[in-house]
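Asks: Data file work_9.cif (mmCIF, N, CA and C atoms) is appended below.
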data_coords
loop_
_atom_site.group_PDB
_atom_site.id
_atom_site.type_symbol
_atom_site.label_atom_id
_atom_site.label_comp_id
_atom_site.auth_asym_id
_atom_site.auth_seq_id
_atom_site.Cartn_x
_atom_site.Cartn_y
_atom_site.Cartn_z
ATOM 1 N N MET X 1128 60.879 61.146 -37.763
ATOM 2 C CA MET X 1128 60.328 59.985 -38.404
ATOM 3 C C MET X 1128 61.029 58.747 -37.870
ATOM 4 N N GLY X 1129 60.269 57.684 -37.652
ATOM 5 C CA GLY X 1129 60.876 56.464 -37.154
ATOM 6 C C GLY X 1129 61.744 55.809 -38.207
ATOM 7 N N SER X 1130 62.782 55.128 -37.747
ATOM 8 C CA SER X 1130 63.734 54.540 -38.686
ATOM 9 C C SER X 1130 63.343 53.149 -39.134
ATOM 10 N N GLY X 1131 62.553 52.459 -38.334
ATOM 11 C CA GLY X 1131 62.377 51.035 -38.565
ATOM 12 C C GLY X 1131 61.450 50.682 -39.697
ATOM 13 N N SER X 1132 61.967 49.896 -40.612
ATOM 14 C CA SER X 1132 61.072 49.293 -41.588
ATOM 15 C C SER X 1132 60.680 47.950 -41.000
ATOM 16 N N GLN X 1133 59.421 47.656 -41.048
ATOM 17 C CA GLN X 1133 58.941 46.410 -40.473
ATOM 18 C C GLN X 1133 59.030 45.297 -41.496
ATOM 19 N N GLU X 1134 59.070 44.080 -40.990
ATOM 20 C CA GLU X 1134 58.995 42.909 -41.852
ATOM 21 C C GLU X 1134 57.536 42.747 -42.274
ATOM 22 N N HIS X 1135 57.342 42.255 -43.479
ATOM 23 C CA HIS X 1135 55.980 41.963 -43.928
ATOM 24 C C HIS X 1135 55.424 40.820 -43.085
ATOM 25 N N ARG X 1136 54.136 40.870 -42.791
ATOM 26 C CA ARG X 1136 53.442 39.795 -42.072
ATOM 27 C C ARG X 1136 52.583 39.062 -43.092
ATOM 28 N N TRP X 1137 53.171 38.023 -43.704
ATOM 29 C CA TRP X 1137 52.495 37.337 -44.796
ATOM 30 C C TRP X 1137 51.413 36.406 -44.288
ATOM 31 N N VAL X 1138 50.220 36.561 -44.828
ATOM 32 C CA VAL X 1138 49.099 35.661 -44.609
ATOM 33 C C VAL X 1138 48.697 35.228 -46.007
ATOM 34 N N ASP X 1139 48.948 33.976 -46.301
ATOM 35 C CA ASP X 1139 48.832 33.486 -47.672
ATOM 36 C C ASP X 1139 49.757 34.339 -48.532
ATOM 37 N N ASP X 1140 49.249 35.050 -49.511
ATOM 38 C CA ASP X 1140 50.106 35.841 -50.388
ATOM 39 C C ASP X 1140 49.867 37.341 -50.255
ATOM 40 N N ALA X 1141 49.403 37.785 -49.069
ATOM 41 C CA ALA X 1141 49.182 39.212 -48.832
ATOM 42 C C ALA X 1141 49.769 39.594 -47.469
ATOM 43 N N CYS X 1142 50.285 40.817 -47.379
ATOM 44 C CA CYS X 1142 50.816 41.307 -46.107
ATOM 45 C C CYS X 1142 49.662 41.867 -45.282
ATOM 46 N N ALA X 1143 49.511 41.373 -44.055
ATOM 47 C CA ALA X 1143 48.432 41.823 -43.178
ATOM 48 C C ALA X 1143 48.664 43.241 -42.675
ATOM 49 N N THR X 1144 49.886 43.754 -42.806
ATOM 50 C CA THR X 1144 50.195 45.097 -42.312
ATOM 51 C C THR X 1144 49.982 46.162 -43.378
ATOM 52 N N CYS X 1145 50.559 45.969 -44.562
ATOM 53 C CA CYS X 1145 50.514 47.020 -45.586
ATOM 54 C C CYS X 1145 49.617 46.701 -46.772
ATOM 55 N N GLY X 1146 49.156 45.466 -46.892
ATOM 56 C CA GLY X 1146 48.253 45.098 -47.967
ATOM 57 C C GLY X 1146 48.925 44.697 -49.270
ATOM 58 N N MET X 1147 50.269 44.661 -49.299
ATOM 59 C CA MET X 1147 50.952 44.254 -50.521
ATOM 60 C C MET X 1147 50.600 42.799 -50.834
ATOM 61 N N ARG X 1148 50.384 42.507 -52.111
ATOM 62 C CA ARG X 1148 50.080 41.150 -52.551
ATOM 63 C C ARG X 1148 51.211 40.670 -53.442
ATOM 64 N N ARG X 1149 51.517 39.378 -53.364
ATOM 65 C CA ARG X 1149 52.564 38.840 -54.227
ATOM 66 C C ARG X 1149 52.142 37.485 -54.770
ATOM 67 N N SER X 1150 52.752 37.153 -55.902
ATOM 68 C CA SER X 1150 52.506 35.856 -56.520
ATOM 69 C C SER X 1150 53.813 35.375 -57.127
ATOM 70 N N GLU X 1151 53.869 34.092 -57.411
ATOM 71 C CA GLU X 1151 55.056 33.499 -58.026
ATOM 72 C C GLU X 1151 54.737 33.153 -59.473
ATOM 73 N N THR X 1152 55.745 33.283 -60.315
ATOM 74 C CA THR X 1152 55.603 32.895 -61.709
ATOM 75 C C THR X 1152 56.955 32.433 -62.225
ATOM 76 N N TRP X 1153 56.948 31.748 -63.344
ATOM 77 C CA TRP X 1153 58.182 31.315 -63.991
ATOM 78 C C TRP X 1153 58.439 32.194 -65.203
ATOM 79 N N LEU X 1154 59.679 32.647 -65.347
ATOM 80 C CA LEU X 1154 60.112 33.477 -66.467
ATOM 81 C C LEU X 1154 61.425 32.924 -67.015
ATOM 82 N N LEU X 1155 61.912 33.515 -68.088
ATOM 83 C CA LEU X 1155 63.211 33.156 -68.638
ATOM 84 C C LEU X 1155 64.241 34.197 -68.227
ATOM 85 N N ASP X 1156 65.461 33.750 -67.887
ATOM 86 C CA ASP X 1156 66.534 34.704 -67.601
ATOM 87 C C ASP X 1156 67.185 35.128 -68.911
ATOM 88 N N GLU X 1157 68.230 35.935 -68.829
ATOM 89 C CA GLU X 1157 68.870 36.469 -70.037
ATOM 90 C C GLU X 1157 69.520 35.383 -70.898
ATOM 91 N N HIS X 1158 69.675 34.176 -70.350
ATOM 92 C CA HIS X 1158 70.242 33.045 -71.101
ATOM 93 C C HIS X 1158 69.158 32.050 -71.533
ATOM 94 N N GLN X 1159 67.885 32.487 -71.425
ATOM 95 C CA GLN X 1159 66.724 31.682 -71.824
ATOM 96 C C GLN X 1159 66.518 30.444 -70.950
ATOM 97 N N ARG X 1160 66.970 30.512 -69.689
ATOM 98 C CA ARG X 1160 66.762 29.417 -68.728
ATOM 99 C C ARG X 1160 65.581 29.780 -67.824
ATOM 100 N N PRO X 1161 64.778 28.793 -67.399
ATOM 101 C CA PRO X 1161 63.637 29.089 -66.532
ATOM 102 C C PRO X 1161 64.078 29.467 -65.121
ATOM 103 N N VAL X 1162 63.501 30.557 -64.604
ATOM 104 C CA VAL X 1162 63.766 31.009 -63.236
ATOM 105 C C VAL X 1162 62.439 31.394 -62.577
ATOM 106 N N MET X 1163 62.390 31.255 -61.262
ATOM 107 C CA MET X 1163 61.214 31.658 -60.487
ATOM 108 C C MET X 1163 61.283 33.157 -60.252
ATOM 109 N N ALA X 1164 60.127 33.805 -60.236
ATOM 110 C CA ALA X 1164 60.066 35.240 -59.965
ATOM 111 C C ALA X 1164 58.906 35.535 -59.030
ATOM 112 N N LEU X 1165 59.096 36.539 -58.176
ATOM 113 C CA LEU X 1165 58.021 37.066 -57.333
ATOM 114 C C LEU X 1165 57.522 38.348 -57.975
ATOM 115 N N VAL X 1166 56.227 38.485 -58.085
ATOM 116 C CA VAL X 1166 55.611 39.692 -58.620
ATOM 117 C C VAL X 1166 54.730 40.255 -57.508
ATOM 118 N N TRP X 1167 54.833 41.563 -57.259
ATOM 119 C CA TRP X 1167 54.023 42.147 -56.190
ATOM 120 C C TRP X 1167 53.298 43.386 -56.669
ATOM 121 N N THR X 1168 52.215 43.686 -55.963
ATOM 122 C CA THR X 1168 51.435 44.887 -56.191
ATOM 123 C C THR X 1168 51.079 45.457 -54.829
ATOM 124 N N THR X 1169 51.324 46.752 -54.649
ATOM 125 C CA THR X 1169 50.973 47.413 -53.395
ATOM 126 C C THR X 1169 49.562 47.978 -53.501
ATOM 127 N N ARG X 1170 49.004 48.415 -52.385
ATOM 128 C CA ARG X 1170 47.644 48.977 -52.391
ATOM 129 C C ARG X 1170 47.539 50.231 -53.238
ATOM 130 N N ASP X 1171 48.648 50.968 -53.378
ATOM 131 C CA ASP X 1171 48.591 52.186 -54.199
ATOM 132 C C ASP X 1171 48.885 51.894 -55.670
ATOM 133 N N GLY X 1172 48.985 50.608 -56.032
ATOM 134 C CA GLY X 1172 49.132 50.228 -57.434
ATOM 135 C C GLY X 1172 50.553 50.003 -57.908
ATOM 136 N N LEU X 1173 51.556 50.279 -57.073
ATOM 137 C CA LEU X 1173 52.952 50.054 -57.463
ATOM 138 C C LEU X 1173 53.160 48.569 -57.710
ATOM 139 N N GLN X 1174 53.753 48.255 -58.837
ATOM 140 C CA GLN X 1174 54.017 46.852 -59.154
ATOM 141 C C GLN X 1174 55.510 46.660 -59.343
ATOM 142 N N GLY X 1175 56.012 45.501 -58.975
ATOM 143 C CA GLY X 1175 57.427 45.193 -59.128
ATOM 144 C C GLY X 1175 57.629 43.701 -59.279
ATOM 145 N N ILE X 1176 58.867 43.348 -59.590
ATOM 146 C CA ILE X 1176 59.199 41.943 -59.801
ATOM 147 C C ILE X 1176 60.629 41.690 -59.345
ATOM 148 N N ARG X 1177 60.860 40.510 -58.808
ATOM 149 C CA ARG X 1177 62.212 40.093 -58.418
ATOM 150 C C ARG X 1177 62.408 38.675 -58.916
ATOM 151 N N THR X 1178 63.417 38.497 -59.762
ATOM 152 C CA THR X 1178 63.701 37.164 -60.280
ATOM 153 C C THR X 1178 64.767 36.485 -59.425
ATOM 154 N N SER X 1179 64.643 35.189 -59.307
ATOM 155 C CA SER X 1179 65.642 34.387 -58.606
ATOM 156 C C SER X 1179 66.743 34.024 -59.592
ATOM 157 N N PRO X 1180 67.924 33.680 -59.086
ATOM 158 C CA PRO X 1180 68.951 33.188 -60.000
ATOM 159 C C PRO X 1180 68.570 31.801 -60.516
ATOM 160 N N TRP X 1181 69.125 31.420 -61.652
ATOM 161 C CA TRP X 1181 68.896 30.096 -62.201
ATOM 162 C C TRP X 1181 69.510 29.071 -61.271
ATOM 163 N N MET X 1182 68.759 28.013 -60.999
ATOM 164 C CA MET X 1182 69.245 26.944 -60.131
ATOM 165 C C MET X 1182 69.222 25.637 -60.913
ATOM 166 N N LYS X 1183 70.401 25.086 -61.133
ATOM 167 C CA LYS X 1183 70.527 23.834 -61.879
ATOM 168 C C LYS X 1183 69.695 22.752 -61.195
ATOM 169 N N GLY X 1184 68.900 22.056 -61.984
ATOM 170 C CA GLY X 1184 68.087 20.967 -61.453
ATOM 171 C C GLY X 1184 66.719 21.390 -60.956
ATOM 172 N N VAL X 1185 66.440 22.698 -60.905
ATOM 173 C CA VAL X 1185 65.124 23.174 -60.487
ATOM 174 C C VAL X 1185 64.384 23.632 -61.733
ATOM 175 N N ALA X 1186 63.261 23.000 -61.989
ATOM 176 C CA ALA X 1186 62.516 23.296 -63.215
ATOM 177 C C ALA X 1186 61.062 23.608 -62.888
ATOM 178 N N PRO X 1187 60.413 24.362 -63.757
ATOM 179 C CA PRO X 1187 58.987 24.645 -63.548
ATOM 180 C C PRO X 1187 58.159 23.369 -63.671
ATOM 181 N N PRO X 1188 56.979 23.378 -63.089
ATOM 182 C CA PRO X 1188 56.108 22.211 -63.217
ATOM 183 C C PRO X 1188 55.787 21.934 -64.687
ATOM 184 N N VAL X 1189 55.493 20.688 -64.982
ATOM 185 C CA VAL X 1189 55.131 20.296 -66.338
ATOM 186 C C VAL X 1189 53.941 21.153 -66.782
ATOM 187 N N GLY X 1190 54.029 21.660 -67.991
ATOM 188 C CA GLY X 1190 52.955 22.489 -68.527
ATOM 189 C C GLY X 1190 53.077 23.965 -68.197
ATOM 190 N N ARG X 1191 54.091 24.345 -67.411
ATOM 191 C CA ARG X 1191 54.248 25.755 -67.038
ATOM 192 C C ARG X 1191 55.577 26.319 -67.519
ATOM 193 N N LEU X 1192 56.116 25.778 -68.597
ATOM 194 C CA LEU X 1192 57.380 26.283 -69.119
ATOM 195 C C LEU X 1192 57.217 27.734 -69.550
ATOM 196 N N PRO X 1193 58.101 28.614 -69.094
ATOM 197 C CA PRO X 1193 57.978 30.030 -69.469
ATOM 198 C C PRO X 1193 58.419 30.271 -70.903
ATOM 199 N N HIS X 1194 57.897 31.332 -71.491
ATOM 200 C CA HIS X 1194 58.234 31.703 -72.864
ATOM 201 C C HIS X 1194 58.696 33.157 -72.960
ATOM 202 N N GLN X 1195 58.714 33.867 -71.798
ATOM 203 C CA GLN X 1195 59.066 35.281 -71.820
ATOM 204 C C GLN X 1195 60.032 35.625 -70.691
ATOM 205 N N THR X 1196 60.820 36.667 -70.924
ATOM 206 C CA THR X 1196 61.661 37.236 -69.868
ATOM 207 C C THR X 1196 60.797 38.176 -69.028
ATOM 208 N N ALA X 1197 61.345 38.676 -67.921
ATOM 209 C CA ALA X 1197 60.620 39.636 -67.079
ATOM 210 C C ALA X 1197 60.238 40.873 -67.875
ATOM 211 N N GLU X 1198 61.144 41.358 -68.704
ATOM 212 C CA GLU X 1198 60.881 42.565 -69.485
ATOM 213 C C GLU X 1198 59.768 42.345 -70.505
ATOM 214 N N GLN X 1199 59.685 41.139 -71.057
ATOM 215 C CA GLN X 1199 58.637 40.831 -72.033
ATOM 216 C C GLN X 1199 57.286 40.619 -71.349
ATOM 217 N N ALA X 1200 57.282 39.901 -70.239
ATOM 218 C CA ALA X 1200 56.042 39.576 -69.541
ATOM 219 C C ALA X 1200 55.472 40.767 -68.777
ATOM 220 N N PHE X 1201 56.351 41.627 -68.277
ATOM 221 C CA PHE X 1201 55.933 42.771 -67.455
ATOM 222 C C PHE X 1201 56.629 44.042 -67.944
ATOM 223 N N PRO X 1202 56.321 44.525 -69.153
ATOM 224 C CA PRO X 1202 57.014 45.693 -69.682
ATOM 225 C C PRO X 1202 56.815 46.921 -68.792
ATOM 226 N N GLY X 1203 57.921 47.610 -68.532
ATOM 227 C CA GLY X 1203 57.870 48.833 -67.738
ATOM 228 C C GLY X 1203 57.818 48.618 -66.235
ATOM 229 N N VAL X 1204 57.745 47.365 -65.774
ATOM 230 C CA VAL X 1204 57.683 47.091 -64.338
ATOM 231 C C VAL X 1204 59.104 46.991 -63.797
ATOM 232 N N GLU X 1205 59.354 47.661 -62.685
ATOM 233 C CA GLU X 1205 60.682 47.692 -62.084
ATOM 234 C C GLU X 1205 61.089 46.313 -61.570
ATOM 235 N N VAL X 1206 62.314 45.921 -61.885
ATOM 236 C CA VAL X 1206 62.886 44.676 -61.374
ATOM 237 C C VAL X 1206 63.789 45.054 -60.207
ATOM 238 N N GLY X 1207 63.570 44.479 -59.048
ATOM 239 C CA GLY X 1207 64.376 44.804 -57.871
ATOM 240 C C GLY X 1207 63.796 44.178 -56.618
ATOM 241 N N ARG X 1208 64.121 44.769 -55.502
ATOM 242 C CA ARG X 1208 63.688 44.249 -54.204
ATOM 243 C C ARG X 1208 62.260 44.669 -53.883
ATOM 244 N N GLU X 1209 61.605 43.853 -53.048
ATOM 245 C CA GLU X 1209 60.277 44.235 -52.566
ATOM 246 C C GLU X 1209 60.395 45.515 -51.749
ATOM 247 N N PRO X 1210 59.412 46.406 -51.840
ATOM 248 C CA PRO X 1210 59.444 47.601 -50.999
ATOM 249 C C PRO X 1210 59.290 47.224 -49.539
ATOM 250 N N ALA X 1211 59.816 48.073 -48.661
ATOM 251 C CA ALA X 1211 59.688 47.847 -47.214
ATOM 252 C C ALA X 1211 58.222 47.905 -46.824
ATOM 253 N N CYS X 1212 57.889 47.226 -45.768
ATOM 254 C CA CYS X 1212 56.511 47.222 -45.259
ATOM 255 C C CYS X 1212 56.252 48.563 -44.580
ATOM 256 N N ARG X 1213 55.206 49.225 -45.033
ATOM 257 C CA ARG X 1213 54.797 50.493 -44.423
ATOM 258 C C ARG X 1213 53.354 50.332 -43.980
ATOM 259 N N PRO X 1214 53.137 50.329 -42.678
ATOM 260 C CA PRO X 1214 51.765 50.161 -42.182
ATOM 261 C C PRO X 1214 50.844 51.226 -42.756
ATOM 262 N N LEU X 1215 49.613 50.836 -43.016
ATOM 263 C CA LEU X 1215 48.633 51.779 -43.516
ATOM 264 C C LEU X 1215 48.304 52.778 -42.425
ATOM 265 N N LEU X 1216 48.202 54.039 -42.791
ATOM 266 C CA LEU X 1216 47.856 55.081 -41.831
ATOM 267 C C LEU X 1216 46.362 55.120 -41.659
ATOM 268 N N ALA X 1217 45.928 55.231 -40.412
ATOM 269 C CA ALA X 1217 44.500 55.356 -40.149
ATOM 270 C C ALA X 1217 44.041 56.740 -40.582
ATOM 271 N N SER X 1218 42.888 56.805 -41.208
ATOM 272 C CA SER X 1218 42.401 58.117 -41.620
ATOM 273 C C SER X 1218 41.857 58.873 -40.410
ATOM 274 N N SER X 1219 42.004 60.195 -40.445
ATOM 275 C CA SER X 1219 41.605 61.029 -39.306
ATOM 276 C C SER X 1219 40.129 61.221 -39.258
#
Please rewrite the model in this file as structure tokens.

Replies:
Amino acid sequence: MGSGSQEHRWVDDACATCGMRRSETWLLDEHQRPVMALVWTTRDGLQGIRTSPWMKGVAPPVGRLPHQTAEQAFPGVEVGREPACRPLLASS
């Protein structure tokens, strides 16, 4: 098996290689401060989320103040790193 994980080739908010889609949202961290988060869904339905650390002076746009943590907004969804890009296999 090859060792290399490829980098995602992002076109807008979807990977042209593996089909993973991602979006950005604002959530609350464990101290109730607003943080940016990436949410992704793979073609096989796997969903995940990665929150950014709180950055002093960076705030969500007016009208988009978050009211939930990642666990509240996305119950049961794994928080961690984006999965590696795996090219789709051509069907035989």

Asks: Can you work out the spacing between atom C of Pro1188 in chain X and atom N of Trp1153 in chain X in Å, to one decimal?

Replies: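 These two atoms are separated by 10.0 Å.
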
Asks: Within 6.5 Å of (56.4, 38.4, -56.9) (coordinates as in the file), grab all the protein and nucleic acid residues, counting all atoms listed in the file, and write them out as a PDB file with N, CA and C atoms, in the coordinates of the input.

Replies:
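Final output, saved to selection.pdb:
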ATOM      1  N   ARG X1149      51.517  39.378 -53.364  1.00  0.00           N
ATOM      2  CA  ARG X1149      52.564  38.840 -54.227  1.00  0.00           C
ATOM      3  C   ARG X1149      52.142  37.485 -54.770  1.00  0.00           C
ATOM      4  N   SER X1150      52.752  37.153 -55.902  1.00  0.00           N
ATOM      5  CA  SER X1150      52.506  35.856 -56.520  1.00  0.00           C
ATOM      6  C   SER X1150      53.813  35.375 -57.127  1.00  0.00           C
ATOM      7  N   GLU X1151      53.869  34.092 -57.411  1.00  0.00           N
ATOM      8  CA  GLU X1151      55.056  33.499 -58.026  1.00  0.00           C
ATOM      9  C   GLU X1151      54.737  33.153 -59.473  1.00  0.00           C
ATOM     10  N   THR X1152      55.745  33.283 -60.315  1.00  0.00           N
ATOM     11  CA  THR X1152      55.603  32.895 -61.709  1.00  0.00           C
ATOM     12  C   THR X1152      56.955  32.433 -62.225  1.00  0.00           C
ATOM     13  N   ALA X1164      60.127  33.805 -60.236  1.00  0.00           N
ATOM     14  CA  ALA X1164      60.066  35.240 -59.965  1.00  0.00           C
ATOM     15  C   ALA X1164      58.906  35.535 -59.030  1.00  0.00           C
ATOM     16  N   LEU X1165      59.096  36.539 -58.176  1.00  0.00           N
ATOM     17  CA  LEU X1165      58.021  37.066 -57.333  1.00  0.00           C
ATOM     18  C   LEU X1165      57.522  38.348 -57.975  1.00  0.00           C
ATOM     19  N   VAL X1166      56.227  38.485 -58.085  1.00  0.00           N
ATOM     20  CA  VAL X1166      55.611  39.692 -58.620  1.00  0.00           C
ATOM     21  C   VAL X1166      54.730  40.255 -57.508  1.00  0.00           C
ATOM     22  N   TRP X1167      54.833  41.563 -57.259  1.00  0.00           N
ATOM     23  CA  TRP X1167      54.023  42.147 -56.190  1.00  0.00           C
ATOM     24  C   TRP X1167      53.298  43.386 -56.669  1.00  0.00           C
ATOM     25  N   GLY X1175      56.012  45.501 -58.975  1.00  0.00           N
ATOM     26  CA  GLY X1175      57.427  45.193 -59.128  1.00  0.00           C
ATOM     27  C   GLY X1175      57.629  43.701 -59.279  1.00  0.00           C
ATOM     28  N   ILE X1176      58.867  43.348 -59.590  1.00  0.00           N
ATOM     29  CA  ILE X1176      59.199  41.943 -59.801  1.00  0.00           C
ATOM     30  C   ILE X1176      60.629  41.690 -59.345  1.00  0.00           C
ATOM     31  N   ARG X1177      60.860  40.510 -58.808  1.00  0.00           N
ATOM     32  CA  ARG X1177      62.212  40.093 -58.418  1.00  0.00           C
ATOM     33  C   ARG X1177      62.408  38.675 -58.916  1.00  0.00           C
TER      34      ARG X1177
END

Asks: Can you tell me, as a ChimeraX atom specification, what residues are no more than 7 Å from Met1147 in chain X when counting all atoms listed in the file, ignoring any on the same chain fewer than 5 positions away?

Replies: /X:1140-1142,1167-1170

Asks: Pull N, CA and C atoms from the residues just selected and write them as a compact mmCIF listing (two decimals), keeping the file's coordinate frame.

Replies:
# COMPACT_ATOMS: atom_id res chain seq x y z
N ASP X 1140 49.25 35.05 -49.51
CA ASP X 1140 50.11 35.84 -50.39
C ASP X 1140 49.87 37.34 -50.26
N ALA X 1141 49.40 37.78 -49.07
CA ALA X 1141 49.18 39.21 -48.83
C ALA X 1141 49.77 39.59 -47.47
N CYS X 1142 50.28 40.82 -47.38
CA CYS X 1142 50.82 41.31 -46.11
C CYS X 1142 49.66 41.87 -45.28
N TRP X 1167 54.83 41.56 -57.26
CA TRP X 1167 54.02 42.15 -56.19
C TRP X 1167 53.30 43.39 -56.67
N THR X 1168 52.22 43.69 -55.96
CA THR X 1168 51.44 44.89 -56.19
C THR X 1168 51.08 45.46 -54.83
N THR X 1169 51.32 46.75 -54.65
CA THR X 1169 50.97 47.41 -53.40
C THR X 1169 49.56 47.98 -53.50
N ARG X 1170 49.00 48.42 -52.38
CA ARG X 1170 47.64 48.98 -52.39
C ARG X 1170 47.54 50.23 -53.24

Asks: I need the residue set behind the PyMOL selection byres (((chain X and resi 1186 and name CA) around 8) and name CA) for this file; please write it as a list in words.

Replies: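 Taken over the shown coordinates, the PyMOL selection byres (((chain X and resi 1186 and name CA) around 8) and name CA) returns Pro1161, Val1162, Gly1184, Val1185, Pro1187 and Pro1188 of chain X.
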
Asks: Kindly resolve the PyMOL selection byres ((chain X and resi 1206) around 8) on the present coordinates and return the residues as a list in words.

Replies: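 So the PyMOL selection byres ((chain X and resi 1206) around 8) ends up selecting Gln1174, Gly1175, Ile1176, Arg1177, Thr1178, Ala1197, Gly1203, Val1204, Glu1205, Gly1207, Arg1208 and Glu1209 of chain X.
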
Asks: Please, what distance in Å, to one decimal, runs between atom N of Pro1210 in chain X and atom N of Trp1181 in chain X?

Replies: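 We find that atom N of Pro1210 in chain X and atom N of Trp1181 in chain X lie 20.4 Å from each other.
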
Asks: Out of X:Gln1159, X:Ala1143, X:Asp1171, X:Leu1215, which residue has the shortest atom-to-atom distance to Thr1196 in chain X when counting only N, CA and C atoms?

Replies: X:Gln1159

Asks: Is it possible to get the axis-aligned box enclosing range 1142-1158 of chain X (all listed atoms, 5 Å extra per side) as AutoDock Vina command-line options, with centre and edge lengths in Å rounded to one decimal?

Replies:
--center_x 59.2 --center_y 39.2 --center_z -56.9 --size_x 32.0 --size_y 25.7 --size_z 39.2

Asks: Just the number, please: distance in Å from CA of Ala1211 in chain X to CA of His1135 in chain X, one decimal.

Replies: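 Interatomic distance here is 7.7 Å.
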
Asks: My list of candidates is X:Leu1154, X:Pro1180, X:Gly1172, X:Arg1160. Which is closest to Ala1200 in chain X when distances are computed with all atoms listed in the file?

Replies: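 Nearest candidate to Ala1200 in chain X out of X:Leu1154, X:Pro1180, X:Gly1172, X:Arg1160: X:Leu1154.
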
Asks: What's the 7 Å shell around Cys1145 in chain X, counting only C-alpha atoms, without same-chain residues fewer than 4 positions away, as a PyMOL selection string?

Replies: chain X and resi 1212-1215

Asks: Going by DSSP on the backbone, which bits of range 1133-1178 of chain X are strand (DSSP E)? Write them as a list of chain:residue names, please.

Replies: X:Trp1137, X:Val1138, X:Ala1141, X:Cys1142, X:Arg1148, X:Arg1149, X:Ser1150, X:Glu1151, X:Thr1152, X:Trp1153, X:Leu1154, X:Leu1155, X:Pro1161, X:Val1162, X:Met1163, X:Ala1164, X:Leu1165, X:Val1166, X:Trp1167, X:Thr1168, X:Gln1174, X:Gly1175, X:Ile1176, X:Arg1177, X:Thr1178

Asks: Would you mind writing down, as a list in words, each residue of chain X that DSSP on the backbone assigns to alpha helix (DSSP H)?

Replies: Ala1197, Glu1198, Gln1199 and Ala1200 of chain X

Asks: Closest to Glu1198 in chain X among X:Lys1183, X:Leu1155, X:Arg1148, X:Arg1136, using only C-alpha atoms?

Replies: X:Leu1155
